[in-house]
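> Take this structure first; my questions come after.
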Amino acid sequence: MAKIKVVHYINQFFAGIGGEEKADTPAELHKGEVIGPGMAFNTGFGDEAEIIATIVCGDSYFNENIDAAKAEILGWVKDLAPDLFIAGPAFNAGRYGVACGTIAAAVHEELGIKSMTGMYVENPGADMYKDKTYILETKDSAAGMRAAVKKMTAFALKYAKGEKIGASCEDGYMNQGVRVNFFEKERGSKRAVDMLIAKLNDKPFTTEYPMPDFDRVEPNPAVKDMAHATIALVTSGGIVPKGNPDHIESSSASKFGEYSIAGVMDLDDATFETAHGGYDPVYANEDADRVLPVDVLRDLEKEGVIGKLHEKYYATVGNGTAVASAKKYGAEIGKRLVADGVDAVILTST
Amino acid sequence: MRLELGKINITDIQFAKESKIDKGVLYINPDDLKPVVLEDEKIKDVVFDIAKPGESVRITPVKDVIEPRVKVEGKGGVFPGWTSKVDTVGSGKTMALKGMAIVTAGKIVGFQEGIIDMCGVGAQYTPFSKTLNLCMVCEPVEGLKQHDYEAAVRKAGFRVAAKVGELAKGLEADETCVYETQGIKEGIEKYPDLPRVGYVSMLQTQGLLHDTYVYGVDAKKIIPTIMSPTEAMDGAIVSGNCVSACDKNPTYIHQNNPVIEDLFAQHGKTLNFVCQIITNENVYLADKERSSNMTAKLCRMLDLDGVIVTQEGFGNPDTDLIMNCKKIEAEGVKTVIVTDEYAGRDGKSQSLADADAAADAVVTGGNANEVVVLPKLDKVIGTLDYVNKIAGASEDTLRPDGTLEVELQVITGATNEMGFGVLSAR
Amino acid sequence: MNYYILTNNSQAKEEFEQTHNVRFVDGKLIDVLITARDLINNGAVLLSHPLYGSVKPNETPYRSILLREGKPQADGLPAPADPESVRLIGNAISAFEKFIDKKEVTDPRLLDDFQVVDLSLLRSAVESADL
């Protein structure tokens, strides 16, 4: 059988070019060269696989020129047409981890080539890319290189040969958020008894099924006197004044906007639109009240059902926006609403 | 309570003129068993067959699996409320035929589930590929209603298991295990430093094809109660559940409850196994509330430090499981729950129909939606006529080459929620 | 108790329409769940679990659910949605969505079996509700 062809990606440090001062080294292709940790991989591969090229790129260069660097590297990898692409391992080096994750995910997604990397579980690249490529868990520093290479080599051969990849805990990669069956060594009841004994003795144990992460918020008590309450509108549906003055992104929004609706009785297509890229915008653009119901709240104001509609509203785009960002925006919006004496908020989504 | 369980290892089953056990071989004359089945006039005929591990045999649709046992000392008899009076069982001495099972099979409803493959990929997933199976396929009298048919086949299985079990009378056990729990005060005095542990077993109790019985009582009518863990070993809890093959608890698994066995293995060493608490999984929400309240109260009143909670079935039992877990934890009693998952064929969906942060210690029997391809086997005990209709199958299940593309949920015991198997998921 | 049975199972309708309040849904299982969700959003309260039975939701075409009207608020406003009911019906609908589509069952004997099982499960809920 022909040897499995591997392309290896490393940063300037592991290539021996230099540390932080050389982090702006542009991407380089070293055909037929095996550099740094690649040597250990190659030894581990034995007769079964070999590194046919090494790509070296400075961490700052990659992260600051991400689109260009990615395109250039993808071009090389495409031409080399390896069976497997390995990045790192990056251990706990943050920008290196992000680079490894980004490029490994891109090789897999855009070229359909098998890819993997390795890093420490707390490396920011891990959370960002563990569901997009196989990330093998390593120690937090290069002192763990031997163990990391051993683990990654075994996985690489299995993966490249097309053998069935087992559950994350079996094959040592980070859980991709997909449930995968496998046979445990002990039966379930024994595992339950062991887990209970650990729990009773305050020893660590690992649940086999982490409950979905609910960020439940206890609702506030009902507003007793709606007739005198100031009600505000807040939306993640992306309704913004026409022209999107704050340039809120259509997905993964990096900000929220604060806009006045003082004196506005009805949103119309001349003055408001949606910035949201995650749904068909036609109906929202035609009549933005469909997402941000200013018209009916004005009616309620007139009828005396509510005291008044707050003169500012807040909007962001909930399309792929990270939970952490959304939390941050929510906290800030809440602070401003409280400062303005708002009694209650209607949140509208899409 | 103290129960001695004498085990007779059965190494082969053969049809013969005389029914007996000799040197580990079970000889069965079907004519001895037939009248036992046909004493119920609702059953027109029965056919017995034998399936052995490794054979190219598929048993389907499976209704129940039962281990033959007989009581040789102490109060009562096996399957109280069915083949014996309702004396309290669980003490004295019981003999069990190990390595074998009675399997009741045949269509009750058109979507009757349950596949046991004796070889191939499927055999890895069902615990009953490792037992010698004496199968009985019953044929009902004309026009029998589904309810009556289910009850007739269920009860016939217990009668046959009891009858076969009687062959063990007078034999010497190959191995004897002793299971003993103490009274509350006695236990505290004997094991003052060990955590007090209980086992909450949730019984499927929703209606036709979804029922479990305790001492002959329909368990949907009970309020949670405590049992000696040895009672289940004498058949105090039996299955009338025919649905969700992968995660229903056949009578065999109640008799050989793995949580009870594994807690006994630690009893007196790392923990003090106090009792089994049985509760139900009714469809009516107020019943769920009441039963989980009662269960949590019992845990508290028994001063338990920890419990293992196991469930049965798909969907709404997840709500009972989470209610039990939450309320028991709220009483300050630590819990580990055992479940299985329906995460979709791709493993990407939410696994449970309910969830709570209190459930921080979960053991899983795997994703029941995972797809496997079962080979074509030479012989079918029962029928493949309905295999396209069952849960986990589709119109395309039975492929032209005779193989079956199915989800694990069709396989009896594949993702058992009492932790009977080694399958898991991450 | 003042409750009603929401069902698409004609056998359930026949059995209970003389003695109970039955709202028949002429549709599929998912239509019963959606109808229940809409009723719940308007204040109805679930009395039985919408995922009852271990028969998988892509398998049986039938579903019967017990609901009661919510209590209108003192000021005449409609009943607020019951959070627990909202949660359960939402979970039931998402559980339904994760099963693969199966061809519609047409075999009358099989339909009868599904109806009988659904009816039996419903009976066990009605028995509890009528105590």
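We name chains A, B, ... following the order of the structure tokens; residues begin at 1 in each chain, and ligands are numbered from 1 as shown.
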Report as CSV the residues of chain A within 6 Å of chain B, each with its shortest atom pair and distance in Å (one decimal), using only C-alpha atoms, ordered by chain and increasing residue number.

residue,atom,partner,partner_atom,distance
A:Ala167,CA,B:Arg426,CA,5.9
A:Val178,CA,B:Lys348,CA,5.0
A:Arg179,CA,B:Gly347,CA,4.5
A:Val180,CA,B:Ala425,CA,5.1
A:Asn181,CA,B:Ala425,CA,4.1
A:Phe182,CA,B:Ser424,CA,5.5
A:Phe183,CA,B:Leu423,CA,4.4
A:Glu184,CA,B:Val422,CA,5.1
A:Glu186,CA,B:Val422,CA,5.9
A:Arg187,CA,B:Val422,CA,4.1
A:Gly188,CA,B:Gly419,CA,3.6
A:Ser189,CA,B:Gly419,CA,4.2
A:Lys190,CA,B:Asp262,CA,5.8
A:Leu196,CA,B:Val336,CA,5.9
A:Thr207,CA,B:Ala361,CA,4.7
A:Glu208,CA,B:Val363,CA,5.3
A:Tyr209,CA,B:Val362,CA,5.7
> Tell me, which residues of stretch 31-206 of chain A carry DSSP alpha helix (DSSP H), written as a VMD selection string?
chain A and resid 37 to 45 59 to 64 66 to 80 94 to 111 124 to 129 145 to 160 168 to 171 188 to 200
> Could you please determine the separation between atom CA of B:Ile237 and atom CA of B:Ile66 in Å, to one decimal place?
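Separation between atom CA of B:Ile237 and atom CA of B:Ile66: 11.5 Å.
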> Could you name the residues that touch A:Val98 at 7 Å or less, counting only C-alpha atoms, but leaving out those on the same chain fewer than 4 positions away, as a VMD selection string?
chain A and resid 94 102 124 to 125
> Should the cut-off be 6 Å, what would the residue list for chain C against chain B look like, counting only C-alpha atoms, as number ranges by chain?
C: 47-49, 51-52, 54, 59, 91, 98, 110, 113, 117, 120-121, 125
> Where does chain C meet chain A within 12 Å, residue by residue, with the nearest atom pair and distance in Å to one decimal for each, counting only C-alpha atoms, listed by chain and rising number, as a tab-separated table?

residue	atom	partner	partner_atom	distance
C:Asp75	CA	A:Lys224	CA	11.4
C:Leu77	CA	A:Val305	CA	11.9
C:Pro80	CA	A:Ala222	CA	10.9
C:Pro83	CA	A:Pro219	CA	10.7
> Just the selected residues (C-alpha atoms), exported as a PDB file, in the first residue's frame, please.

ATOM      1  CA  ASP C  75     -59.499  41.685  35.386  1.00  0.00           C
ATOM      2  CA  LEU C  77     -57.852  39.160  30.665  1.00  0.00           C
ATOM      3  CA  PRO C  80     -51.746  33.425  31.117  1.00  0.00           C
ATOM      4  CA  PRO C  83     -45.043  27.669  31.879  1.00  0.00           C
TER       5      PRO C  83
END
> Looking only at the backbone, which of the residues in stretch 3-129 of chain C does DSSP tag as strand (DSSP E), as an MDAnalysis selection string?
chainID C and resid 4:7 21:24 45:46 64:68
> So, with only C-alpha atoms as the atoms that count, which of C:Pro61, C:Leu88, C:Gly70, C:Pro78 lies closest to C:Lys103?
C:Pro61
> How many Å separate atom CA of A:Lys70 from atom CA of A:Ile55?
11.6 Å
> Could you list, as a ChimeraX atom specification, every residue within 7 Å of A:Lys139, counting only C-alpha atoms and ignoring same-chain residues fewer than 5 positions away?
/A:91,120,144
> Generate the output file for the selected residues, N, CA and C atoms, as a compact mmCIF listing (two decimals), in the first residue's frame.

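For reference, out_18.txt as written:
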# COMPACT_ATOMS: atom_id res chain seq x y z
N PHE A 91 -0.61 23.24 21.99
CA PHE A 91 -0.61 23.32 23.46
C PHE A 91 -1.47 24.48 23.94
N TYR A 120 -4.28 22.22 24.00
CA TYR A 120 -4.75 22.14 25.38
C TYR A 120 -6.22 22.51 25.41
N GLY A 144 4.76 18.56 26.98
CA GLY A 144 3.91 17.40 26.69
C GLY A 144 4.01 16.96 25.24
